[in-house]
>>> print(open('coords37.cif').read())   # mmCIF, C-alpha atoms
data_final
#
loop_
_atom_site.label_atom_id
_atom_site.label_comp_id
_atom_site.auth_asym_id
_atom_site.auth_seq_id
_atom_site.Cartn_x
_atom_site.Cartn_y
_atom_site.Cartn_z
CA MET A 1 55.52 -297.51 103.88
CA ALA A 2 57.99 -294.62 103.89
CA LYS A 3 60.72 -296.67 102.15
CA VAL A 4 63.13 -295.75 104.94
CA LYS A 5 65.73 -298.27 106.03
CA PRO A 6 66.93 -298.63 109.62
CA GLN A 7 70.30 -297.19 108.61
CA ASP A 8 68.55 -293.96 107.49
CA ILE A 9 67.20 -293.42 111.00
CA ASP A 10 69.06 -291.38 113.65
CA CYS A 11 66.93 -292.06 116.68
CA VAL A 12 63.57 -293.43 117.85
CA ALA A 13 61.18 -290.93 119.45
CA TYR A 14 58.06 -291.95 121.37
CA THR A 15 55.52 -290.20 123.58
CA LYS A 16 56.46 -290.31 127.26
CA GLY A 17 53.28 -288.49 128.31
CA PRO A 18 50.86 -286.97 129.15
CA GLY A 19 48.04 -289.28 128.14
CA MET A 20 46.22 -292.48 129.01
CA GLY A 21 48.43 -295.17 130.54
CA ALA A 22 47.65 -298.12 128.28
CA PRO A 23 48.22 -296.45 124.88
CA LEU A 24 51.37 -294.71 126.15
CA VAL A 25 52.89 -297.94 127.43
CA SER A 26 52.04 -299.98 124.34
CA THR A 27 53.78 -297.54 121.98
CA ALA A 28 56.69 -297.17 124.37
CA VAL A 29 57.17 -300.96 124.38
CA VAL A 30 57.35 -301.03 120.58
CA ALA A 31 59.65 -297.97 120.46
CA ARG A 32 62.03 -299.56 122.98
CA THR A 33 62.03 -302.80 121.00
CA VAL A 34 62.90 -301.20 117.63
CA ALA A 35 65.45 -298.88 119.25
CA GLN A 36 67.24 -301.91 120.69
CA LEU A 37 66.91 -304.04 117.54
CA TRP A 38 68.37 -301.27 115.38
CA ASN A 39 70.73 -299.99 118.08
CA LYS A 40 69.38 -296.42 117.95
CA PRO A 41 69.08 -293.91 120.80
CA LEU A 42 65.61 -293.54 122.33
CA LEU A 43 63.89 -290.19 123.01
CA GLY A 44 60.88 -289.73 125.29
CA VAL A 45 58.86 -286.75 124.02
CA ASN A 46 56.23 -284.63 125.75
CA HIS A 47 53.03 -284.73 123.69
CA CYS A 48 52.35 -280.98 124.06
CA ILE A 49 55.92 -280.10 123.02
CA GLY A 50 55.27 -282.28 119.95
CA HIS A 51 52.31 -280.09 118.98
CA ILE A 52 54.30 -276.88 119.51
CA GLU A 53 57.36 -277.98 117.54
CA MET A 54 55.25 -279.42 114.71
CA GLY A 55 53.28 -276.16 114.54
CA ARG A 56 56.45 -274.05 114.47
CA ARG A 57 58.02 -276.26 111.82
CA VAL A 58 54.99 -276.29 109.51
CA THR A 59 53.99 -272.62 109.83
CA GLY A 60 57.42 -271.01 110.25
CA ALA A 61 56.30 -269.14 113.39
CA VAL A 62 59.49 -268.15 115.22
CA ASN A 63 58.57 -267.22 118.79
CA PRO A 64 54.80 -267.40 119.06
CA VAL A 65 52.38 -267.43 121.95
CA VAL A 66 50.86 -270.89 121.54
CA LEU A 67 47.21 -271.72 122.06
CA TYR A 68 47.04 -275.49 122.50
CA VAL A 69 43.41 -276.60 122.25
CA SER A 70 42.27 -280.21 121.97
CA GLY A 71 39.92 -282.75 123.51
CA GLY A 72 42.25 -283.24 126.47
CA ASN A 73 44.17 -279.97 126.80
CA THR A 74 43.54 -276.25 126.81
CA GLN A 75 46.65 -274.16 127.47
CA VAL A 76 48.15 -270.81 126.54
CA ILE A 77 51.89 -271.30 126.34
CA ALA A 78 54.85 -269.01 125.66
CA TYR A 79 58.56 -269.70 125.50
CA GLN A 80 60.66 -267.96 128.11
CA LEU A 81 64.12 -268.90 129.36
CA LYS A 82 64.41 -272.53 128.25
CA LYS A 83 60.86 -273.56 129.09
CA TYR A 84 57.49 -273.52 127.39
CA ARG A 85 55.66 -271.80 130.22
CA ILE A 86 51.95 -272.19 130.79
CA PHE A 87 50.38 -268.74 131.09
CA GLY A 88 46.81 -269.92 131.33
CA GLU A 89 44.89 -273.17 131.10
CA THR A 90 41.55 -274.78 131.77
CA ILE A 91 40.73 -275.38 135.40
CA ASP A 92 38.34 -278.23 134.54
CA ILE A 93 37.57 -279.83 131.17
CA ALA A 94 39.28 -279.11 127.84
CA VAL A 95 37.50 -276.99 125.24
CA GLY A 96 37.35 -279.91 122.79
CA ASN A 97 35.78 -282.08 125.47
CA CYS A 98 33.14 -279.39 126.07
CA LEU A 99 32.33 -279.23 122.33
CA ASP A 100 32.25 -283.03 121.93
CA ARG A 101 29.93 -283.52 124.90
CA PHE A 102 27.65 -280.77 123.67
CA ALA A 103 27.51 -282.54 120.29
CA ARG A 104 26.15 -285.61 122.06
CA VAL A 105 23.39 -283.56 123.68
CA LEU A 106 22.21 -282.47 120.23
CA LYS A 107 22.89 -285.96 118.81
CA ILE A 108 25.29 -284.48 116.26
CA SER A 109 27.17 -287.06 114.16
CA ASN A 110 30.74 -288.12 114.99
CA ASP A 111 31.55 -288.37 111.28
CA PRO A 112 34.14 -286.98 110.54
CA SER A 113 34.27 -285.40 114.00
CA PRO A 114 31.77 -283.73 116.34
CA GLY A 115 33.78 -280.49 116.32
CA TYR A 116 33.72 -280.26 112.54
CA ASN A 117 29.95 -280.79 112.47
CA ILE A 118 29.40 -278.16 115.18
CA GLU A 119 31.49 -275.75 113.10
CA GLN A 120 29.39 -276.37 109.98
CA MET A 121 26.09 -276.00 111.87
CA ALA A 122 27.34 -272.84 113.61
CA LYS A 123 27.75 -271.18 110.20
CA LYS A 124 23.94 -271.28 109.88
CA GLY A 125 23.31 -269.94 113.40
CA GLU A 126 21.74 -266.50 113.61
CA LYS A 127 20.92 -265.89 117.24
CA LEU A 128 23.47 -265.53 120.02
CA ILE A 129 22.17 -267.16 123.20
CA ASP A 130 23.60 -265.69 126.38
CA LEU A 131 25.88 -268.28 128.01
CA PRO A 132 28.08 -268.07 131.10
CA TYR A 133 31.55 -266.69 130.35
CA GLY A 134 34.26 -268.60 132.18
CA VAL A 135 37.47 -266.58 132.22
CA LYS A 136 39.17 -266.58 135.64
CA GLY A 137 42.25 -264.39 135.37
CA MET A 138 44.48 -266.19 132.91
CA ASP A 139 42.57 -269.45 133.26
CA VAL A 140 39.36 -270.65 131.65
CA SER A 141 36.56 -272.95 132.77
CA PHE A 142 34.22 -274.87 130.47
CA SER A 143 32.35 -277.30 132.70
CA GLY A 144 29.86 -274.68 133.92
CA ILE A 145 29.11 -273.58 130.36
CA LEU A 146 28.57 -277.20 129.35
CA SER A 147 26.19 -277.87 132.28
CA TYR A 148 24.29 -274.69 131.52
CA ILE A 149 23.82 -275.44 127.83
CA GLU A 150 23.01 -279.11 128.56
CA ASP A 151 20.20 -277.96 130.86
CA ALA A 152 18.96 -275.13 128.67
CA ALA A 153 19.17 -276.81 125.27
CA GLN A 154 15.97 -278.84 125.39
CA SER A 155 13.69 -276.05 126.61
CA LEU A 156 15.20 -273.51 124.19
CA LEU A 157 14.65 -275.92 121.31
CA ASP A 158 11.13 -276.95 122.44
CA SER A 159 9.99 -273.34 122.83
CA LYS A 160 11.55 -272.48 119.46
CA GLN A 161 13.66 -269.77 121.11
CA ALA A 162 16.71 -271.27 119.43
CA THR A 163 17.62 -273.74 116.71
CA PRO A 164 20.37 -276.36 117.08
CA GLU A 165 22.40 -274.15 114.73
CA ASP A 166 21.95 -271.16 117.07
CA LEU A 167 23.18 -273.25 119.99
CA CYS A 168 26.28 -274.41 118.08
CA PHE A 169 26.97 -270.82 117.05
CA SER A 170 26.51 -269.47 120.57
CA LEU A 171 28.69 -272.09 122.22
CA GLN A 172 31.49 -271.62 119.70
CA GLU A 173 31.41 -267.83 119.92
CA THR A 174 31.47 -267.92 123.72
CA VAL A 175 34.24 -270.46 124.27
CA PHE A 176 36.40 -269.09 121.45
CA ALA A 177 36.03 -265.53 122.77
CA MET A 178 37.35 -266.78 126.11
CA LEU A 179 40.34 -268.42 124.43
CA VAL A 180 41.11 -265.33 122.35
CA GLU A 181 40.92 -263.17 125.47
CA ILE A 182 43.50 -265.12 127.47
CA THR A 183 45.72 -265.53 124.41
CA GLU A 184 45.71 -261.77 123.86
CA ARG A 185 46.64 -261.17 127.48
CA ALA A 186 49.59 -263.58 127.19
CA MET A 187 50.71 -261.78 124.00
CA ALA A 188 50.53 -258.41 125.72
CA HIS A 189 52.55 -259.76 128.63
CA CYS A 190 55.27 -261.27 126.43
CA GLY A 191 55.27 -258.54 123.79
CA SER A 192 54.75 -261.25 121.21
CA GLU A 193 53.63 -260.55 117.67
CA GLU A 194 52.84 -264.12 116.72
CA VAL A 195 50.11 -266.56 117.76
CA LEU A 196 50.26 -270.24 116.90
CA ILE A 197 47.16 -272.39 117.25
CA VAL A 198 47.78 -276.14 117.70
CA GLY A 199 45.74 -279.16 118.79
CA GLY A 200 42.61 -280.72 117.31
CA VAL A 201 40.32 -277.74 118.00
CA GLY A 202 42.88 -275.62 116.13
CA CYS A 203 41.39 -276.91 112.84
CA ASN A 204 38.30 -274.83 113.55
CA GLU A 205 38.31 -272.01 111.03
CA ARG A 206 36.04 -269.81 113.15
CA LEU A 207 38.57 -269.97 115.98
CA GLN A 208 41.33 -269.09 113.50
CA GLU A 209 39.23 -266.21 112.18
CA MET A 210 38.47 -264.77 115.65
CA MET A 211 42.13 -265.06 116.58
CA GLY A 212 42.96 -263.30 113.30
CA ILE A 213 40.73 -260.34 114.17
CA MET A 214 42.38 -259.94 117.57
CA ALA A 215 45.86 -260.31 116.06
CA ALA A 216 45.16 -257.77 113.31
CA GLU A 217 44.07 -255.23 115.94
CA ARG A 218 47.44 -255.49 117.63
CA GLY A 219 49.53 -255.83 114.47
CA ALA A 220 50.28 -259.48 115.13
CA LYS A 221 50.08 -262.55 112.92
CA VAL A 222 48.20 -265.83 113.33
CA PHE A 223 49.78 -269.14 112.43
CA ALA A 224 47.54 -272.17 112.16
CA THR A 225 47.49 -275.47 110.35
CA ASP A 226 44.78 -277.66 108.90
CA GLU A 227 43.60 -281.02 110.24
CA ARG A 228 46.61 -282.87 108.80
CA TYR A 229 48.87 -281.26 111.39
CA CYS A 230 46.46 -280.05 114.09
CA ILE A 231 45.21 -283.49 115.02
CA ASP A 232 47.54 -285.79 116.96
CA ASN A 233 50.07 -287.42 114.67
CA GLY A 234 53.35 -289.29 114.74
CA ALA A 235 55.34 -286.71 112.80
CA MET A 236 54.98 -284.20 115.64
CA ILE A 237 56.67 -286.58 118.05
CA ALA A 238 59.42 -287.15 115.48
CA GLN A 239 59.92 -283.39 115.02
CA ALA A 240 60.16 -282.68 118.76
CA GLY A 241 62.31 -285.79 119.20
CA TRP A 242 64.66 -284.57 116.49
CA GLU A 243 65.06 -281.15 118.14
CA MET A 244 65.85 -282.90 121.42
CA PHE A 245 68.25 -285.38 119.82
CA ARG A 246 70.25 -282.79 117.88
CA THR A 247 70.85 -280.84 121.09
CA GLY A 248 72.08 -283.80 123.08
CA HIS A 249 69.03 -285.42 124.68
CA VAL A 250 68.82 -289.21 124.95
CA THR A 251 66.44 -291.24 127.13
CA PRO A 252 68.13 -294.30 128.63
CA LEU A 253 65.86 -297.38 128.92
CA VAL A 254 65.77 -297.10 132.71
CA ASP A 255 64.32 -293.56 132.40
CA SER A 256 61.94 -294.45 129.57
CA TRP A 257 58.86 -295.07 131.76
CA CYS A 258 55.65 -293.41 130.70
CA THR A 259 53.78 -290.89 132.78
CA GLN A 260 50.13 -289.91 132.59
CA ARG A 261 50.97 -286.49 134.05
CA PHE A 262 53.76 -284.60 132.31
CA ARG A 263 53.39 -280.85 132.19
CA THR A 264 54.62 -278.81 129.24
CA ASP A 265 56.90 -276.71 131.47
CA GLU A 266 58.77 -279.73 132.86
CA VAL A 267 60.82 -280.07 129.66
CA GLU A 268 64.12 -278.18 129.36
CA VAL A 269 64.04 -276.63 125.88
CA THR A 270 67.68 -277.12 124.90
CA TRP A 271 67.09 -276.43 121.21
CA ARG A 272 66.29 -272.72 121.65
CA ASP A 273 68.42 -270.02 123.23
CA ASP A 274 67.26 -267.52 125.89
CA SER A 275 65.77 -265.22 123.27
CA GLY A 276 63.97 -268.11 121.57
CA GLU A 277 66.27 -268.43 118.57
CA PRO A 278 67.14 -271.96 117.43
CA ILE A 279 70.45 -273.33 118.67
CA MET B 280 58.40 -318.12 119.77
CA ALA B 281 57.91 -321.24 121.88
CA THR B 282 55.17 -321.53 124.45
CA SER B 283 55.78 -320.11 127.88
CA SER B 284 55.22 -321.77 131.21
CA VAL B 285 53.47 -320.31 134.23
CA LYS B 286 54.05 -321.33 137.81
CA LYS B 287 51.67 -320.23 140.52
CA THR B 288 52.51 -320.40 144.19
CA VAL B 289 50.98 -319.08 147.37
CA GLU B 290 53.46 -318.00 149.96
CA ARG B 291 51.61 -318.42 153.21
CA ASN B 292 54.13 -316.64 155.42
CA SER B 293 54.08 -313.21 153.80
CA GLY B 294 50.42 -313.38 152.78
CA LEU B 295 51.55 -312.44 149.28
CA LEU B 296 50.63 -314.33 146.13
CA SER B 297 53.29 -314.78 143.54
CA MET B 298 53.44 -316.00 140.01
CA GLU B 299 56.42 -316.76 137.80
CA LEU B 300 56.38 -316.51 134.04
CA ARG B 301 59.15 -317.94 131.89
CA VAL B 302 59.33 -316.90 128.24
CA PRO B 303 61.84 -318.66 126.00
CA PHE B 304 63.44 -316.66 123.15
CA PRO B 305 65.49 -317.89 120.19
CA SER B 306 68.57 -316.14 121.58
CA GLN B 307 69.76 -314.42 124.74
CA GLN B 308 70.08 -311.17 122.76
CA LEU B 309 66.36 -311.21 121.98
CA ALA B 310 65.54 -312.12 125.58
CA LEU B 311 67.55 -309.04 126.61
CA VAL B 312 65.69 -306.86 124.08
CA ALA B 313 62.39 -308.04 125.59
CA TYR B 314 63.77 -307.33 129.06
CA GLY B 315 64.82 -303.82 127.98
CA SER B 316 61.41 -303.17 126.45
CA LEU B 317 59.34 -304.43 129.38
CA PHE B 318 61.16 -303.52 132.60
CA PRO B 319 61.01 -299.68 132.51
CA ASP B 320 57.29 -299.21 133.22
CA PRO B 321 56.47 -299.72 136.90
CA GLU B 322 53.14 -301.25 137.90
CA PRO B 323 50.51 -298.54 138.32
CA ARG B 324 49.63 -299.96 141.75
CA LYS B 325 52.45 -300.16 144.20
CA GLU B 326 51.12 -303.28 145.99
CA ILE B 327 51.98 -305.20 142.84
CA VAL B 328 55.66 -305.97 142.37
CA LYS B 329 57.01 -307.15 139.03
CA LYS B 330 60.62 -308.29 138.79
CA LEU B 331 62.21 -309.19 135.46
CA ARG B 332 65.45 -311.00 134.75
CA VAL B 333 67.07 -312.94 131.92
CA GLU B 334 68.30 -316.50 132.47
CA ASP B 335 70.13 -317.89 129.46
CA LYS B 336 67.60 -317.51 126.60
CA GLU B 337 64.63 -317.02 128.90
CA LEU B 338 62.90 -313.91 130.14
CA VAL B 339 61.79 -314.64 133.71
CA VAL B 340 59.16 -312.47 135.36
CA LEU B 341 58.08 -312.73 138.98
CA PHE B 342 54.84 -311.05 139.99
CA THR B 343 53.86 -310.55 143.64
CA ALA B 344 50.63 -309.06 144.92
CA PRO B 345 48.49 -309.26 148.07
CA GLN B 346 45.38 -310.40 146.14
CA ALA B 347 44.76 -312.80 143.26
CA ARG B 348 42.67 -310.14 141.53
CA LEU B 349 45.63 -307.71 141.42
CA LEU B 350 47.93 -310.46 140.24
CA ARG B 351 45.60 -311.23 137.36
CA VAL B 352 45.40 -307.57 136.28
CA ALA B 353 49.18 -307.16 136.27
CA PHE B 354 49.72 -310.46 134.50
CA HIS B 355 47.08 -309.79 131.88
CA SER B 356 48.50 -306.42 130.83
CA PHE B 357 52.03 -307.81 130.92
CA LEU B 358 51.07 -310.52 128.42
CA ASP B 359 49.65 -307.88 126.07
CA HIS B 360 52.92 -305.93 126.21
CA LEU B 361 54.97 -309.09 125.79
CA ASP B 362 52.98 -309.87 122.68
CA MET B 363 53.70 -306.37 121.32
CA THR B 364 57.44 -306.74 121.76
CA ILE B 365 57.44 -310.23 120.20
CA GLN B 366 55.40 -309.04 117.22
CA THR B 367 57.81 -306.11 116.79
CA MET B 368 60.78 -308.50 116.83
CA GLU B 369 59.10 -310.68 114.21
CA LYS B 370 58.40 -307.67 111.99
CA PHE B 371 61.64 -305.69 112.41
CA GLY B 372 64.11 -308.07 114.01
CA PRO B 373 67.00 -309.86 112.32
CA ALA B 374 66.39 -312.91 110.11
CA ASP B 375 68.99 -314.67 112.22
CA PRO B 376 68.22 -314.12 115.91
CA GLN B 377 71.93 -314.21 116.80
CA ASP B 378 72.49 -311.00 114.81
CA VAL B 379 71.01 -308.37 117.14
#
>>> encode(input="coords37.cif", output="structure tokens")
Amino acid sequence: MAKVKPQDIDCVAYTKGPGMGAPLVSTAVVARTVAQLWNKPLLGVNHCIGHIEMGRRVTGAVNPVVLYVSGGNTQVIAYQLKKYRIFGETIDIAVGNCLDRFARVLKISNDPSPGYNIEQMAKKGEKLIDLPYGVKGMDVSFSGILSYIEDAAQSLLDSKQATPEDLCFSLQETVFAMLVEITERAMAHCGSEEVLIVGGVGCNERLQEMMGIMAAERGAKVFATDERYCIDNGAMIAQAGWEMFRTGHVTPLVDSWCTQRFRTDEVEVTWRDDSGEPI
Amino acid sequence: MATSSVKKTVERNSGLLSMELRVPFPSQQLALVAYGSLFPDPEPRKEIVKKLRVEDKELVVLFTAPQARLLRVAFHSFLDHLDMTIQTMEKFGPADPQDV
């Protein structure tokens, strides 16, 4: 327990969306109950904004282009004029979903996570298998790459043309190169000299390293966090909720319904001014 | 919390099934907290209508749906959420229920 008393608390933040209906509603019910019992204002937070604000708070990045990569989301985001605008995103499955499903094809363990185990195996990969490359303008696509590698994996392994390590290495290099490419384009467009990587896939040190090479070439800096902050957590909702609360947001009960679809650019960013500085 | 009562009726005229749930609370304040916690989320399917109100110390919920199957789904998930709010009250609520 955090040894915090109700009187130490300013407000109660919860996740309004996006996400799966049942988990969203069950936490919202509890948040509404404690907010009423303690007579505190309620704040409905966008999950993606939670990642961004947590990342900014922990790393000290001021006005970064944000690569948000997880099992459910893949977006390149930049702040402009009161909104976190989505510059590019996946047109089908998220990058983390692609990696997790590939892990199942190779029967890679889920302990501690499939992505972590792919990353460790990829370090021993030596051969780069040619995979489809799914960048479409500013957007990316992973489902075709997944289908391709699902089909090809068994024959490549049987004919000893590739090892499981080679496949992990090749998939990581391909999908991360795609992500770095669209992130670089967003940075060029915005004139940004910072990149922030958030979301569960953001723990991947190879992704951080590839992003670092791109950033170094353009004189920019990479900000990333480890698994304590990358992976979904409650503190990120508190951090975003606090930014909202201190700049006047409150969510009345009647508006506190949850929504499975809630895009990052729907939220008015009241806590930053037009140039991105904190208010 | 005391046990709740369920009343099931079939309204032949409208072709809609309805079901009323009454949940007694130790105080009206706590019944209102439960109301405030449970009314904001609409049913995911619009054929199902869920109406909440507080009568004295009771939370009263009326469910209406065109099919028994839909009624059961709505009712089932509502009971789960009701249990969450009651558990939260027990954990974080006042020792004296009049104090909210």
>>> interface_residues(input="coords37.cif", of="chain B", to="chain A", cutoff="9 Å", atoms="all atoms listed in the file", output="list in words")
Leu309, Val312, Ala313, Gly315, Ser316, Leu317, Phe318, Pro319, Asp320, Pro321, Pro323, Ser356, Asp359, His360, Leu361, Met363, Thr364, Ile365, Gln366, Thr367, Met368, Phe371, Gly372, Pro373 and Val379 of chain B
>>> resolve_selection(input="coords37.cif", expression="the PyMOL selection byres ((chain B and resi 336-338) around 9)", output="list of chain:residue names")
B:Leu300, B:Arg301, B:Val302, B:Pro303, B:Phe304, B:Pro305, B:Ser306, B:Gln307, B:Gln308, B:Leu309, B:Ala310, B:Leu311, B:Ala313, B:Tyr314, B:Leu331, B:Arg332, B:Val333, B:Glu334, B:Asp335, B:Val339, B:Val340
>>> write_last_selection(input="coords37.cif", atoms="C-alpha atoms", output="tab-separated table (two decimals), keeping the file's coordinate frame")
chain	number	residue	atom	x	y	z
B	300	LEU	CA	56.38	-316.51	134.04
B	301	ARG	CA	59.15	-317.94	131.89
B	302	VAL	CA	59.33	-316.90	128.24
B	303	PRO	CA	61.84	-318.66	126.00
B	304	PHE	CA	63.44	-316.66	123.15
B	305	PRO	CA	65.49	-317.89	120.19
B	306	SER	CA	68.57	-316.14	121.58
B	307	GLN	CA	69.76	-314.42	124.74
B	308	GLN	CA	70.08	-311.17	122.76
B	309	LEU	CA	66.36	-311.21	121.98
B	310	ALA	CA	65.54	-312.12	125.58
B	311	LEU	CA	67.55	-309.04	126.61
B	313	ALA	CA	62.39	-308.04	125.59
B	314	TYR	CA	63.77	-307.33	129.06
B	331	LEU	CA	62.21	-309.19	135.46
B	332	ARG	CA	65.45	-311.00	134.75
B	333	VAL	CA	67.07	-312.94	131.92
B	334	GLU	CA	68.30	-316.50	132.47
B	335	ASP	CA	70.13	-317.89	129.46
B	339	VAL	CA	61.79	-314.64	133.71
B	340	VAL	CA	59.16	-312.47	135.36
>>> residues_around(input="coords37.cif", residues="Ala215 (chain A)", least_positions_apart="2", cutoff="10 Å", atoms="all atoms listed in the file", output="MDAnalysis selection string")
chainID A and resid 180 183:184 187 193:195 209:213 217:222
>>> resolve_selection(input="coords37.cif", expression="the PyMOL selection byres ((chain A and resi 56-70) around 9)", output="JSON list (two decimals) with C-alpha atoms, keeping the file's coordinate frame")
[["chain", "number", "residue", "atom", "x", "y", "z"],
["A", 48, "CYS", "CA", 52.35, -280.98, 124.06],
["A", 51, "HIS", "CA", 52.31, -280.09, 118.98],
["A", 52, "ILE", "CA", 54.30, -276.88, 119.51],
["A", 53, "GLU", "CA", 57.36, -277.98, 117.54],
["A", 54, "MET", "CA", 55.25, -279.42, 114.71],
["A", 55, "GLY", "CA", 53.28, -276.16, 114.54],
["A", 71, "GLY", "CA", 39.92, -282.75, 123.51],
["A", 72, "GLY", "CA", 42.25, -283.24, 126.47],
["A", 73, "ASN", "CA", 44.17, -279.97, 126.80],
["A", 74, "THR", "CA", 43.54, -276.25, 126.81],
["A", 75, "GLN", "CA", 46.65, -274.16, 127.47],
["A", 76, "VAL", "CA", 48.15, -270.81, 126.54],
["A", 77, "ILE", "CA", 51.89, -271.30, 126.34],
["A", 78, "ALA", "CA", 54.85, -269.01, 125.66],
["A", 79, "TYR", "CA", 58.56, -269.70, 125.50],
["A", 94, "ALA", "CA", 39.28, -279.11, 127.84],
["A", 95, "VAL", "CA", 37.50, -276.99, 125.24],
["A", 96, "GLY", "CA", 37.35, -279.91, 122.79],
["A", 97, "ASN", "CA", 35.78, -282.08, 125.47],
["A", 179, "LEU", "CA", 40.34, -268.42, 124.43],
["A", 180, "VAL", "CA", 41.11, -265.33, 122.35],
["A", 183, "THR", "CA", 45.72, -265.53, 124.41],
["A", 184, "GLU", "CA", 45.71, -261.77, 123.86],
["A", 186, "ALA", "CA", 49.59, -263.58, 127.19],
["A", 187, "MET", "CA", 50.71, -261.78, 124.00],
["A", 190, "CYS", "CA", 55.27, -261.27, 126.43],
["A", 192, "SER", "CA", 54.75, -261.25, 121.21],
["A", 193, "GLU", "CA", 53.63, -260.55, 117.67],
["A", 194, "GLU", "CA", 52.84, -264.12, 116.72],
["A", 195, "VAL", "CA", 50.11, -266.56, 117.76],
["A", 196, "LEU", "CA", 50.26, -270.24, 116.90],
["A", 197, "ILE", "CA", 47.16, -272.39, 117.25],
["A", 198, "VAL", "CA", 47.78, -276.14, 117.70],
["A", 199, "GLY", "CA", 45.74, -279.16, 118.79],
["A", 200, "GLY", "CA", 42.61, -280.72, 117.31],
["A", 201, "VAL", "CA", 40.32, -277.74, 118.00],
["A", 202, "GLY", "CA", 42.88, -275.62, 116.13],
["A", 222, "VAL", "CA", 48.20, -265.83, 113.33],
["A", 223, "PHE", "CA", 49.78, -269.14, 112.43],
["A", 224, "ALA", "CA", 47.54, -272.17, 112.16],
["A", 225, "THR", "CA", 47.49, -275.47, 110.35],
["A", 229, "TYR", "CA", 48.87, -281.26, 111.39],
["A", 230, "CYS", "CA", 46.46, -280.05, 114.09],
["A", 231, "ILE", "CA", 45.21, -283.49, 115.02],
["A", 239, "GLN", "CA", 59.92, -283.39, 115.02],
["A", 275, "SER", "CA", 65.77, -265.22, 123.27],
["A", 276, "GLY", "CA", 63.97, -268.11, 121.57],
["A", 277, "GLU", "CA", 66.27, -268.43, 118.57],
["A", 278, "PRO", "CA", 67.14, -271.96, 117.43]]
>>> atom_distance(input="coords37.cif", atom1="CA of Ala238 (chain A)", atom2="CA of Tyr84 (chain A)")
18.2 Å
>>> build_atoms(input="coords37.cif", residues="region 334-348 of chain B", atoms="N, CA and C atoms", output="mmCIF file, in the frame of the given file")
data_model
loop_
_atom_site.group_PDB
_atom_site.id
_atom_site.type_symbol
_atom_site.label_atom_id
_atom_site.label_comp_id
_atom_site.auth_asym_id
_atom_site.auth_seq_id
_atom_site.Cartn_x
_atom_site.Cartn_y
_atom_site.Cartn_z
ATOM 1 N N GLU B 334 67.492 -315.315 132.139
ATOM 2 C CA GLU B 334 68.300 -316.500 132.470
ATOM 3 C C GLU B 334 68.541 -317.247 131.169
ATOM 4 N N ASP B 335 69.777 -317.269 130.741
ATOM 5 C CA ASP B 335 70.130 -317.890 129.460
ATOM 6 C C ASP B 335 69.275 -317.268 128.344
ATOM 7 N N LYS B 336 68.441 -318.080 127.669
ATOM 8 C CA LYS B 336 67.600 -317.510 126.600
ATOM 9 C C LYS B 336 66.188 -317.227 127.064
ATOM 10 N N GLU B 337 65.982 -317.204 128.377
ATOM 11 C CA GLU B 337 64.630 -317.020 128.900
ATOM 12 C C GLU B 337 64.465 -315.677 129.600
ATOM 13 N N LEU B 338 63.307 -315.068 129.347
ATOM 14 C CA LEU B 338 62.900 -313.910 130.140
ATOM 15 C C LEU B 338 62.080 -314.457 131.304
ATOM 16 N N VAL B 339 62.487 -314.125 132.535
ATOM 17 C CA VAL B 339 61.790 -314.640 133.710
ATOM 18 C C VAL B 339 61.161 -313.457 134.444
ATOM 19 N N VAL B 340 59.868 -313.568 134.700
ATOM 20 C CA VAL B 340 59.160 -312.470 135.360
ATOM 21 C C VAL B 340 58.476 -313.003 136.606
ATOM 22 N N LEU B 341 58.728 -312.339 137.724
ATOM 23 C CA LEU B 341 58.080 -312.730 138.980
ATOM 24 C C LEU B 341 57.122 -311.625 139.400
ATOM 25 N N PHE B 342 55.860 -312.002 139.532
ATOM 26 C CA PHE B 342 54.840 -311.050 139.990
ATOM 27 C C PHE B 342 54.484 -311.371 141.426
ATOM 28 N N THR B 343 54.335 -310.353 142.262
ATOM 29 C CA THR B 343 53.860 -310.550 143.640
ATOM 30 C C THR B 343 52.781 -309.520 143.937
ATOM 31 N N ALA B 344 51.729 -309.981 144.575
ATOM 32 C CA ALA B 344 50.630 -309.060 144.920
ATOM 33 C C ALA B 344 49.876 -309.630 146.110
ATOM 34 N N PRO B 345 49.221 -308.771 146.893
ATOM 35 C CA PRO B 345 48.490 -309.260 148.070
ATOM 36 C C PRO B 345 47.174 -309.967 147.719
ATOM 37 N N GLN B 346 46.654 -309.768 146.517
ATOM 38 C CA GLN B 346 45.380 -310.400 146.140
ATOM 39 C C GLN B 346 45.473 -311.001 144.756
ATOM 40 N N ALA B 347 44.770 -312.109 144.556
ATOM 41 C CA ALA B 347 44.760 -312.800 143.260
ATOM 42 C C ALA B 347 44.258 -311.874 142.158
ATOM 43 N N ARG B 348 43.280 -311.065 142.487
ATOM 44 C CA ARG B 348 42.670 -310.140 141.530
ATOM 45 C C ARG B 348 43.734 -309.183 140.958
#
